[in-house]
Each structure stands twice: as structure tokens, then as C-alpha cells.
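Trainee: Hey, dropping query_16.csv in here, CSV, N, CA and C atoms and all ligand atoms:
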chain,number,residue,atom,x,y,z
A,1,MET,N,81.5,55.5,50.8
A,1,MET,CA,81.0,56.5,51.7
A,1,MET,C,79.7,56.0,52.5
A,2,ASN,N,79.6,56.4,53.7
A,2,ASN,CA,78.5,55.9,54.5
A,2,ASN,C,77.4,57.0,54.6
A,3,TRP,N,76.3,56.7,53.9
A,3,TRP,CA,75.2,57.8,53.8
A,3,TRP,C,74.2,57.5,54.9
A,4,ILE,N,73.9,58.5,55.7
A,4,ILE,CA,72.8,58.3,56.6
A,4,ILE,C,71.6,59.3,56.3
A,5,GLN,N,70.5,58.8,56.6
A,5,GLN,CA,69.3,59.6,56.3
A,5,GLN,C,69.1,60.6,57.4
A,6,VAL,N,68.9,61.9,57.1
A,6,VAL,CA,68.8,62.9,58.2
A,6,VAL,C,67.5,63.7,58.1
A,7,GLY,N,66.5,63.3,57.4
A,7,GLY,CA,65.3,64.0,57.3
A,7,GLY,C,64.9,64.4,55.9
A,8,THR,N,64.1,65.3,55.8
A,8,THR,CA,63.6,65.7,54.4
A,8,THR,C,63.9,67.2,54.2
A,9,LEU,N,63.8,67.6,52.9
A,9,LEU,CA,64.0,69.0,52.5
A,9,LEU,C,63.1,69.9,53.3
A,10,GLU,N,61.9,69.5,53.5
A,10,GLU,CA,60.9,70.3,54.2
A,10,GLU,C,61.3,70.6,55.7
A,11,ASP,N,62.2,69.8,56.2
A,11,ASP,CA,62.6,70.0,57.6
A,11,ASP,C,63.4,71.3,57.8
A,12,ILE,N,63.9,71.8,56.6
A,12,ILE,CA,64.8,73.0,56.7
A,12,ILE,C,64.1,74.1,56.0
A,13,PRO,N,63.9,75.3,56.6
A,13,PRO,CA,63.3,76.4,55.9
A,13,PRO,C,64.2,76.9,54.8
A,14,ARG,N,63.6,77.5,53.7
A,14,ARG,CA,64.5,78.1,52.7
A,14,ARG,C,65.3,79.2,53.3
A,15,GLN,N,66.5,79.3,53.0
A,15,GLN,CA,67.5,80.3,53.6
A,15,GLN,C,67.5,80.2,55.1
A,16,GLY,N,67.4,78.9,55.5
A,16,GLY,CA,67.5,78.6,56.9
A,16,GLY,C,68.3,77.4,57.2
A,17,SER,N,68.3,76.9,58.4
A,17,SER,CA,69.2,75.8,58.7
A,17,SER,C,68.5,74.9,59.8
A,18,ARG,N,69.2,73.8,60.0
A,18,ARG,CA,68.8,72.9,61.1
A,18,ARG,C,70.0,72.2,61.6
A,19,VAL,N,70.0,71.9,62.9
A,19,VAL,CA,71.2,71.3,63.5
A,19,VAL,C,70.9,69.8,63.8
A,20,ILE,N,71.8,69.0,63.4
A,20,ILE,CA,71.7,67.6,63.9
A,20,ILE,C,72.9,67.2,64.7
A,21,ASN,N,72.7,66.3,65.7
A,21,ASN,CA,73.8,65.8,66.5
A,21,ASN,C,74.3,64.5,65.9
A,22,THR,N,75.6,64.4,65.8
A,22,THR,CA,76.1,63.2,65.2
A,22,THR,C,77.3,62.8,66.0
A,23,ALA,N,77.9,61.6,65.7
A,23,ALA,CA,79.1,61.2,66.4
A,23,ALA,C,80.3,62.1,66.1
A,24,HIS,N,80.1,62.9,65.1
A,24,HIS,CA,81.2,63.9,64.7
A,24,HIS,C,80.8,65.3,65.3
A,25,GLY,N,79.9,65.4,66.2
A,25,GLY,CA,79.5,66.7,66.7
A,25,GLY,C,78.3,67.2,66.0
A,26,GLU,N,78.0,68.5,66.3
A,26,GLU,CA,76.9,69.2,65.7
A,26,GLU,C,77.2,69.5,64.2
A,27,ILE,N,76.2,69.1,63.4
A,27,ILE,CA,76.3,69.5,61.9
A,27,ILE,C,75.2,70.4,61.6
A,28,ALA,N,75.5,71.5,60.9
A,28,ALA,CA,74.4,72.4,60.5
A,28,ALA,C,74.1,72.1,59.0
A,29,LEU,N,72.8,71.9,58.8
A,29,LEU,CA,72.4,71.7,57.4
A,29,LEU,C,71.7,73.0,57.0
A,30,PHE,N,72.1,73.5,55.8
A,30,PHE,CA,71.6,74.8,55.3
A,30,PHE,C,70.9,74.6,54.0
A,31,ARG,N,69.8,75.3,53.8
A,31,ARG,CA,69.1,75.2,52.6
A,31,ARG,C,69.1,76.6,51.9
A,32,SER,N,69.5,76.6,50.6
A,32,SER,CA,69.5,77.9,49.9
A,32,SER,C,68.1,78.2,49.4
A,33,LYS,N,68.0,79.4,48.9
A,33,LYS,CA,66.7,79.9,48.3
A,33,LYS,C,66.3,78.9,47.2
A,34,ASP,N,67.3,78.4,46.4
A,34,ASP,CA,66.9,77.5,45.3
A,34,ASP,C,67.0,76.0,45.7
A,35,ASP,N,66.8,75.7,46.9
A,35,ASP,CA,66.7,74.3,47.4
A,35,ASP,C,68.0,73.5,47.4
A,36,GLN,N,69.1,74.1,47.3
A,36,GLN,CA,70.4,73.3,47.5
A,36,GLN,C,70.6,73.2,49.0
A,37,VAL,N,71.2,72.0,49.3
A,37,VAL,CA,71.4,71.8,50.7
A,37,VAL,C,72.9,71.6,51.0
A,38,PHE,N,73.4,72.2,52.0
A,38,PHE,CA,74.9,72.1,52.4
A,38,PHE,C,75.0,71.7,53.8
A,39,ALA,N,76.1,71.0,54.1
A,39,ALA,CA,76.3,70.6,55.5
A,39,ALA,C,77.7,71.0,56.0
A,40,LEU,N,77.8,71.7,57.1
A,40,LEU,CA,79.1,72.1,57.7
A,40,LEU,C,79.0,71.8,59.2
A,41,ASN,N,80.2,71.6,59.7
A,41,ASN,CA,80.3,71.5,61.2
A,41,ASN,C,79.7,72.8,61.7
A,42,ASN,N,78.9,72.7,62.8
A,42,ASN,CA,78.3,73.9,63.3
A,42,ASN,C,79.2,74.8,64.2
A,43,ARG,N,80.4,75.0,63.7
A,43,ARG,CA,81.4,75.8,64.4
A,43,ARG,C,82.1,76.7,63.4
A,44,CYS,N,82.0,78.0,63.7
A,44,CYS,CA,82.6,79.0,62.9
A,44,CYS,C,84.2,78.9,63.0
A,45,PRO,N,84.9,79.0,61.9
A,45,PRO,CA,86.4,78.9,62.0
A,45,PRO,C,87.0,80.0,62.8
A,46,HIS,N,86.2,81.1,63.1
A,46,HIS,CA,86.8,82.2,63.8
A,46,HIS,C,86.9,81.8,65.3
A,47,LYS,N,85.8,81.8,66.0
A,47,LYS,CA,85.8,81.5,67.4
A,47,LYS,C,84.7,80.5,67.8
A,48,GLY,N,84.4,79.7,66.8
A,48,GLY,CA,83.4,78.6,67.1
A,48,GLY,C,82.0,78.9,67.2
A,49,GLY,N,81.6,80.1,66.7
A,49,GLY,CA,80.2,80.5,66.7
A,49,GLY,C,79.3,79.5,66.0
A,50,PRO,N,78.0,79.5,66.4
A,50,PRO,CA,77.0,78.6,65.9
A,50,PRO,C,76.6,79.0,64.5
A,51,LEU,N,77.2,78.5,63.5
A,51,LEU,CA,76.9,78.9,62.1
A,51,LEU,C,75.4,78.7,61.8
A,52,ALA,N,74.8,77.7,62.3
A,52,ALA,CA,73.3,77.5,62.0
A,52,ALA,C,72.5,78.6,62.4
A,53,GLN,N,72.9,79.5,63.3
A,53,GLN,CA,72.1,80.7,63.7
A,53,GLN,C,72.5,81.9,62.9
A,54,GLY,N,73.3,81.7,61.8
A,54,GLY,CA,73.6,82.8,61.0
A,54,GLY,C,72.6,83.0,59.9
A,55,ILE,N,72.9,84.1,59.1
A,55,ILE,CA,72.0,84.4,58.0
A,55,ILE,C,72.5,83.8,56.7
A,56,VAL,N,71.6,83.0,56.0
A,56,VAL,CA,71.9,82.4,54.8
A,56,VAL,C,71.6,83.4,53.6
A,57,HIS,N,72.6,83.6,52.8
A,57,HIS,CA,72.4,84.5,51.6
A,57,HIS,C,73.1,83.9,50.4
A,58,GLY,N,72.5,83.6,49.4
A,58,GLY,CA,73.1,82.9,48.3
A,58,GLY,C,73.6,81.6,48.7
A,59,LYS,N,74.9,81.3,48.4
A,59,LYS,CA,75.5,80.1,48.9
A,59,LYS,C,76.5,80.4,50.0
A,60,ARG,N,76.1,81.3,50.9
A,60,ARG,CA,77.0,81.7,52.0
A,60,ARG,C,76.2,81.9,53.2
A,61,VAL,N,76.9,81.8,54.4
A,61,VAL,CA,76.2,82.1,55.6
A,61,VAL,C,77.1,83.1,56.4
A,62,THR,N,76.4,84.0,57.0
A,62,THR,CA,77.2,85.0,57.9
A,62,THR,C,77.0,84.6,59.3
A,63,CYS,N,78.2,84.4,60.0
A,63,CYS,CA,78.2,84.0,61.3
A,63,CYS,C,77.5,85.0,62.2
A,64,PRO,N,76.7,84.6,63.2
A,64,PRO,CA,76.0,85.5,64.0
A,64,PRO,C,76.9,86.2,65.1
A,65,LEU,N,78.1,85.7,65.3
A,65,LEU,CA,78.9,86.4,66.4
A,65,LEU,C,79.7,87.6,65.9
A,66,HIS,N,80.5,87.4,64.8
A,66,HIS,CA,81.3,88.6,64.4
A,66,HIS,C,81.2,88.8,62.9
A,67,ASN,N,80.2,88.2,62.3
A,67,ASN,CA,79.9,88.5,60.9
A,67,ASN,C,80.9,88.0,59.9
A,68,TRP,N,81.7,87.0,60.2
A,68,TRP,CA,82.5,86.4,59.2
A,68,TRP,C,81.5,85.7,58.2
A,69,VAL,N,81.9,85.7,56.9
A,69,VAL,CA,81.1,85.0,55.9
A,69,VAL,C,81.7,83.7,55.4
A,70,ILE,N,81.0,82.7,55.5
A,70,ILE,CA,81.5,81.3,55.2
A,70,ILE,C,80.8,80.8,53.9
A,71,ASP,N,81.6,80.3,53.0
A,71,ASP,CA,81.1,79.7,51.7
A,71,ASP,C,80.5,78.3,52.1
A,72,LEU,N,79.2,78.1,51.7
A,72,LEU,CA,78.6,76.9,52.1
A,72,LEU,C,79.1,75.7,51.3
A,73,GLU,N,79.6,75.9,50.0
A,73,GLU,CA,80.0,74.8,49.2
A,73,GLU,C,81.4,74.3,49.7
A,74,SER,N,82.3,75.2,50.1
A,74,SER,CA,83.6,74.7,50.5
A,74,SER,C,83.8,74.7,52.0
A,75,GLY,N,83.0,75.5,52.7
A,75,GLY,CA,83.2,75.7,54.2
A,75,GLY,C,84.3,76.8,54.5
A,76,SER,N,84.9,77.4,53.4
A,76,SER,CA,85.9,78.3,53.6
A,76,SER,C,85.4,79.7,54.0
A,77,ALA,N,86.2,80.4,54.8
A,77,ALA,CA,85.9,81.8,55.1
A,77,ALA,C,86.2,82.6,53.9
A,78,ILE,N,85.4,83.6,53.7
A,78,ILE,CA,85.6,84.6,52.6
A,78,ILE,C,86.7,85.6,53.0
A,79,ALA,N,87.6,85.8,52.0
A,79,ALA,CA,88.7,86.7,52.3
A,79,ALA,C,88.2,88.1,52.7
A,80,PRO,N,88.8,88.8,53.6
A,80,PRO,CA,90.2,88.6,54.1
A,80,PRO,C,90.3,87.6,55.2
A,81,ASP,N,89.1,87.1,55.6
A,81,ASP,CA,89.2,86.1,56.7
A,81,ASP,C,89.7,84.8,56.2
A,82,VAL,N,90.3,84.0,57.1
A,82,VAL,CA,90.9,82.7,56.7
A,82,VAL,C,90.4,81.6,57.6
A,83,GLY,N,90.4,80.4,57.1
A,83,GLY,CA,90.0,79.2,57.9
A,83,GLY,C,88.8,78.6,57.2
A,84,CYS,N,88.4,77.5,57.8
A,84,CYS,CA,87.2,76.8,57.2
A,84,CYS,C,86.5,76.0,58.2
A,85,ALA,N,85.2,75.8,58.0
A,85,ALA,CA,84.4,74.8,58.7
A,85,ALA,C,84.3,73.5,57.9
A,86,HIS,N,84.6,72.4,58.6
A,86,HIS,CA,84.6,71.1,57.8
A,86,HIS,C,83.2,70.9,57.2
A,87,ARG,N,83.3,70.5,55.9
A,87,ARG,CA,82.0,70.3,55.2
A,87,ARG,C,81.8,68.8,55.0
A,88,HIS,N,80.5,68.5,54.8
A,88,HIS,CA,80.1,67.1,54.6
A,88,HIS,C,79.3,67.0,53.3
A,89,GLU,N,79.4,65.9,52.6
A,89,GLU,CA,78.6,65.7,51.4
A,89,GLU,C,77.1,65.5,51.8
A,90,VAL,N,76.2,66.1,51.0
A,90,VAL,CA,74.8,65.9,51.2
A,90,VAL,C,74.2,65.6,49.9
A,91,ARG,N,73.2,64.7,49.9
A,91,ARG,CA,72.5,64.3,48.7
A,91,ARG,C,71.0,64.4,49.0
A,92,VAL,N,70.3,64.9,48.0
A,92,VAL,CA,68.8,65.0,48.1
A,92,VAL,C,68.2,64.1,47.1
A,93,ALA,N,67.5,63.1,47.5
A,93,ALA,CA,66.8,62.2,46.6
A,93,ALA,C,65.3,62.1,47.0
A,94,HIS,N,64.5,62.6,46.0
A,94,HIS,CA,63.1,62.7,46.2
A,94,HIS,C,62.8,63.4,47.5
A,95,GLU,N,63.5,64.5,47.7
A,95,GLU,CA,63.3,65.4,48.9
A,95,GLU,C,63.7,64.8,50.2
A,96,VAL,N,64.4,63.6,50.2
A,96,VAL,CA,64.9,63.0,51.4
A,96,VAL,C,66.4,63.3,51.4
A,97,LEU,N,66.9,63.7,52.6
A,97,LEU,CA,68.3,64.2,52.7
A,97,LEU,C,69.2,63.1,53.3
A,98,PHE,N,70.3,62.9,52.6
A,98,PHE,CA,71.3,61.9,53.1
A,98,PHE,C,72.6,62.7,53.3
A,99,LEU,N,73.2,62.3,54.4
A,99,LEU,CA,74.5,63.0,54.7
A,99,LEU,C,75.6,61.9,54.8
A,100,ALA,N,76.7,62.3,54.3
A,100,ALA,CA,77.9,61.4,54.4
A,100,ALA,C,78.9,62.0,55.4
A,101,LEU,N,79.0,61.4,56.5
A,101,LEU,CA,79.8,62.0,57.6
A,101,LEU,C,81.2,61.5,57.4
A,102,GLU,N,82.1,62.5,57.4
A,102,GLU,CA,83.5,62.2,57.3
A,102,GLU,C,84.2,63.0,58.4
A,103,ALA,N,85.1,62.3,59.1
A,103,ALA,CA,85.9,62.9,60.1
A,103,ALA,C,87.0,63.7,59.4
A,104,GLY,N,87.7,64.4,60.2
A,104,GLY,CA,88.9,65.1,59.6
A,104,GLY,C,88.8,66.6,59.5
A,105,ALA,N,89.9,67.2,59.2
A,105,ALA,CA,89.9,68.6,59.1
A,105,ALA,C,89.3,69.2,57.8
A,106,CYS,N,89.0,70.4,57.8
A,106,CYS,CA,88.5,71.0,56.6
A,106,CYS,C,89.6,71.0,55.5
A,107,LYS,N,89.1,71.1,54.3
A,107,LYS,CA,90.1,71.0,53.2
A,107,LYS,C,90.4,72.3,52.5
A,108,ALA,N,90.1,73.4,53.1
A,108,ALA,CA,90.4,74.6,52.4
A,108,ALA,C,91.8,75.0,52.5
B,201,LIG,S1,82.8,83.2,65.8
B,201,LIG,FE1,82.0,83.4,63.8
B,201,LIG,S2,82.7,85.4,63.2
B,201,LIG,FE2,83.5,85.1,65.2
Mind turning the file's structure into C-alpha cells?
Mentor:
Amino acid sequence: MNWIQVGTLEDIPRQGSRVINTAHGEIALFRSKDDQVFALNNRCPHKGGPLAQGIVHGKRVTCPLHNWVIDLESGSAIAPDVGCAHRHEVRVAHEVLFLALEAGACKA
């Protein structure tokens, strides 16, 4: 896997997000209250809403457009909604963030 350095934990507010532009499009990095970091394509599986502008709660984000709830670990929409946002692996080492970009469809 090809890991790229994308900043530090401090760059993302707790229960907030940050968007980075990559060759695979916009990726949203989310930080949970307990400092876990997740990365999803910044496109809601419903109508492509900007997930990074949503509300982070627990390990989920609520899309700002029509309130679908997306699981940050899998990228899957919470039932009854269906679909997923493609997720990417993130690693935090000494507060430095590394992202492994993978092309392809979501795996939900
Ligand atoms: S675009 Fe995200 S809920 Fe509709």
C-alpha cells in the first residue's frame, strides 16, 4: 500500500473534518471525539453532498444536505438508506496522519 503523509492530528478539530485534494478526488478526513481518524471520499452516496461539512457524532457523520447518516468506519449509509462512500485507510503515527489512497468502488 502506498502511504502518503497528509498532515497532523492537530489539523483536524475534534468532531470535525478537513478536506484534501488528491488524484482520486476530494477526500474528507474526520476526527472523532476520541481522536480516531477516518477518511472517506467527500461525496455522499445519496446525491454527492459534501460529507466534510456534515456533523460528526460518534463514529458517524450526518450529511448536511438531506441528513443521511454515514458510518465512518465502513463508509456505509445507515439503514434504511443504502449505498456507501469509498473509504481509505488512515494511520496515525506520533500524531502524523498517513493516508493510503485506493481507487475503486466502496465495499459495502
Ligand atoms: S446528498 Fe447526502 S443526504 Fe442527500
Trainee: Enumerate as a PyMOL selection string the residues within 6 Å of ligand LIG 201 (chain B), counting all atoms listed in the file.
Mentor: chain A and resi 44-49+63-68
Trainee: Quick one: of A:Val6, A:Val61, A:Leu29, A:Leu51, who's nearest to Leu97 of chain A, counting only N, CA and C atoms?
Mentor: A:Val6
Trainee: Considering only C-alpha atoms, can you say which of A:Asn42, A:Arg87, A:Ala100, A:Glu10 comes closest to Gly25 of chain A?
Mentor: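 Using only C-alpha atoms, Gly25 of chain A sits closest to A:Asn42.
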Trainee: Residues within 6.5 Å of Cys106 of chain A, please, as a PDB file with N, CA and C atoms, in the frame of the given file. Count all atoms listed in the file; anything in the same chain fewer than 3 positions from it doesn't count.
Mentor:
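See out-v1.pdb below for the written result:
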ATOM      1  N   CYS A  84      88.400  77.500  57.800  1.00  0.00           N
ATOM      2  CA  CYS A  84      87.200  76.800  57.200  1.00  0.00           C
ATOM      3  C   CYS A  84      86.500  76.000  58.200  1.00  0.00           C
ATOM      4  N   ALA A  85      85.200  75.800  58.000  1.00  0.00           N
ATOM      5  CA  ALA A  85      84.400  74.800  58.700  1.00  0.00           C
ATOM      6  C   ALA A  85      84.300  73.500  57.900  1.00  0.00           C
ATOM      7  N   HIS A  86      84.600  72.400  58.600  1.00  0.00           N
ATOM      8  CA  HIS A  86      84.600  71.100  57.800  1.00  0.00           C
ATOM      9  C   HIS A  86      83.200  70.900  57.200  1.00  0.00           C
ATOM     10  N   ARG A  87      83.300  70.500  55.900  1.00  0.00           N
ATOM     11  CA  ARG A  87      82.000  70.300  55.200  1.00  0.00           C
ATOM     12  C   ARG A  87      81.800  68.800  55.000  1.00  0.00           C
TER      13      ARG A  87
END
Trainee: Given only C-alpha atoms as the basis, pick out the residue of A:Glu89, A:Ala23, A:Ala77, A:Gly16 nearest to Gln53 of chain A.
Mentor: A:Gly16
Trainee: Within 6.5 Å of Ser32 of chain A, counting only N, CA and C atoms, which residues show up once you throw out same-chain ones fewer than 2 positions away? Write them as a PDB file with N, CA and C atoms, keeping the file's coordinate frame, please.
Mentor:
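Wrote it out as out.pdb, contents follow:
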ATOM      1  N   ARG A  14      63.600  77.500  53.700  1.00  0.00           N
ATOM      2  CA  ARG A  14      64.500  78.100  52.700  1.00  0.00           C
ATOM      3  C   ARG A  14      65.300  79.200  53.300  1.00  0.00           C
ATOM      4  N   GLN A  15      66.500  79.300  53.000  1.00  0.00           N
ATOM      5  CA  GLN A  15      67.500  80.300  53.600  1.00  0.00           C
ATOM      6  C   GLN A  15      67.500  80.200  55.100  1.00  0.00           C
ATOM      7  N   GLY A  16      67.400  78.900  55.500  1.00  0.00           N
ATOM      8  CA  GLY A  16      67.500  78.600  56.900  1.00  0.00           C
ATOM      9  C   GLY A  16      68.300  77.400  57.200  1.00  0.00           C
ATOM     10  N   PHE A  30      72.100  73.500  55.800  1.00  0.00           N
ATOM     11  CA  PHE A  30      71.600  74.800  55.300  1.00  0.00           C
ATOM     12  C   PHE A  30      70.900  74.600  54.000  1.00  0.00           C
ATOM     13  N   ASP A  34      67.300  78.400  46.400  1.00  0.00           N
ATOM     14  CA  ASP A  34      66.900  77.500  45.300  1.00  0.00           C
ATOM     15  C   ASP A  34      67.000  76.000  45.700  1.00  0.00           C
ATOM     16  N   ASP A  35      66.800  75.700  46.900  1.00  0.00           N
ATOM     17  CA  ASP A  35      66.700  74.300  47.400  1.00  0.00           C
ATOM     18  C   ASP A  35      68.000  73.500  47.400  1.00  0.00           C
ATOM     19  N   GLN A  36      69.100  74.100  47.300  1.00  0.00           N
ATOM     20  CA  GLN A  36      70.400  73.300  47.500  1.00  0.00           C
ATOM     21  C   GLN A  36      70.600  73.200  49.000  1.00  0.00           C
ATOM     22  N   VAL A  37      71.200  72.000  49.300  1.00  0.00           N
ATOM     23  CA  VAL A  37      71.400  71.800  50.700  1.00  0.00           C
ATOM     24  C   VAL A  37      72.900  71.600  51.000  1.00  0.00           C
ATOM     25  N   PHE A  38      73.400  72.200  52.000  1.00  0.00           N
ATOM     26  CA  PHE A  38      74.900  72.100  52.400  1.00  0.00           C
ATOM     27  C   PHE A  38      75.000  71.700  53.800  1.00  0.00           C
ATOM     28  N   GLY A  58      72.500  83.600  49.400  1.00  0.00           N
ATOM     29  CA  GLY A  58      73.100  82.900  48.300  1.00  0.00           C
ATOM     30  C   GLY A  58      73.600  81.600  48.700  1.00  0.00           C
ATOM     31  N   LYS A  59      74.900  81.300  48.400  1.00  0.00           N
ATOM     32  CA  LYS A  59      75.500  80.100  48.900  1.00  0.00           C
ATOM     33  C   LYS A  59      76.500  80.400  50.000  1.00  0.00           C
TER      34      LYS A  59
END
Trainee: Could you give me, as number ranges by chain, the residues within 9 Å of Val92 of chain A, counting only C-alpha atoms and dropping anything in the same chain fewer than 2 positions from it?
Mentor: A: 8-9, 36-37, 90, 94-99
Trainee: With distances taken over only N, CA and C atoms, which of A:Pro13, A:Asp81, A:His24, A:Asp71 is nearest to Glu102 of chain A?
Mentor: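 Result for the nearest residue to Glu102 of chain A: A:His24.
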Trainee: Go through segment 17-101 of chain A and collect every residue that DSSP, computed from the backbone, puts in strand (DSSP E); the answer should be as a PyMOL selection string.
Mentor: chain A and resi 17-22+25-31+37-41+55-57+60-62+69-71+87-93+96-100
Trainee: To one decimal in Å, tell me the separation between atom CA of Ser74 of chain A and atom CA of Arg18 of chain A.
Mentor: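 Result for atom CA of Ser74 of chain A versus atom CA of Arg18 of chain A: 18.3 Å, one decimal.
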Trainee: For atom CA of Val56 of chain A and atom CA of Gly83 of chain A, quote the distance in Å rounded to one decimal.
Mentor: 18.6 Å
Trainee: Rounded to one decimal, what separation in Å do you get between atom N of Ala39 of chain A and atom C of Leu72 of chain A?
Mentor: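 Those two atoms sit 6.2 Å apart.
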Trainee: Which is closest to Ser76 of chain A among A:Ala28, A:Leu40, A:Leu101, A:Ala52, if we use only C-alpha atoms?
Mentor: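 Counting only C-alpha atoms, the residue closest to Ser76 of chain A is A:Leu40.
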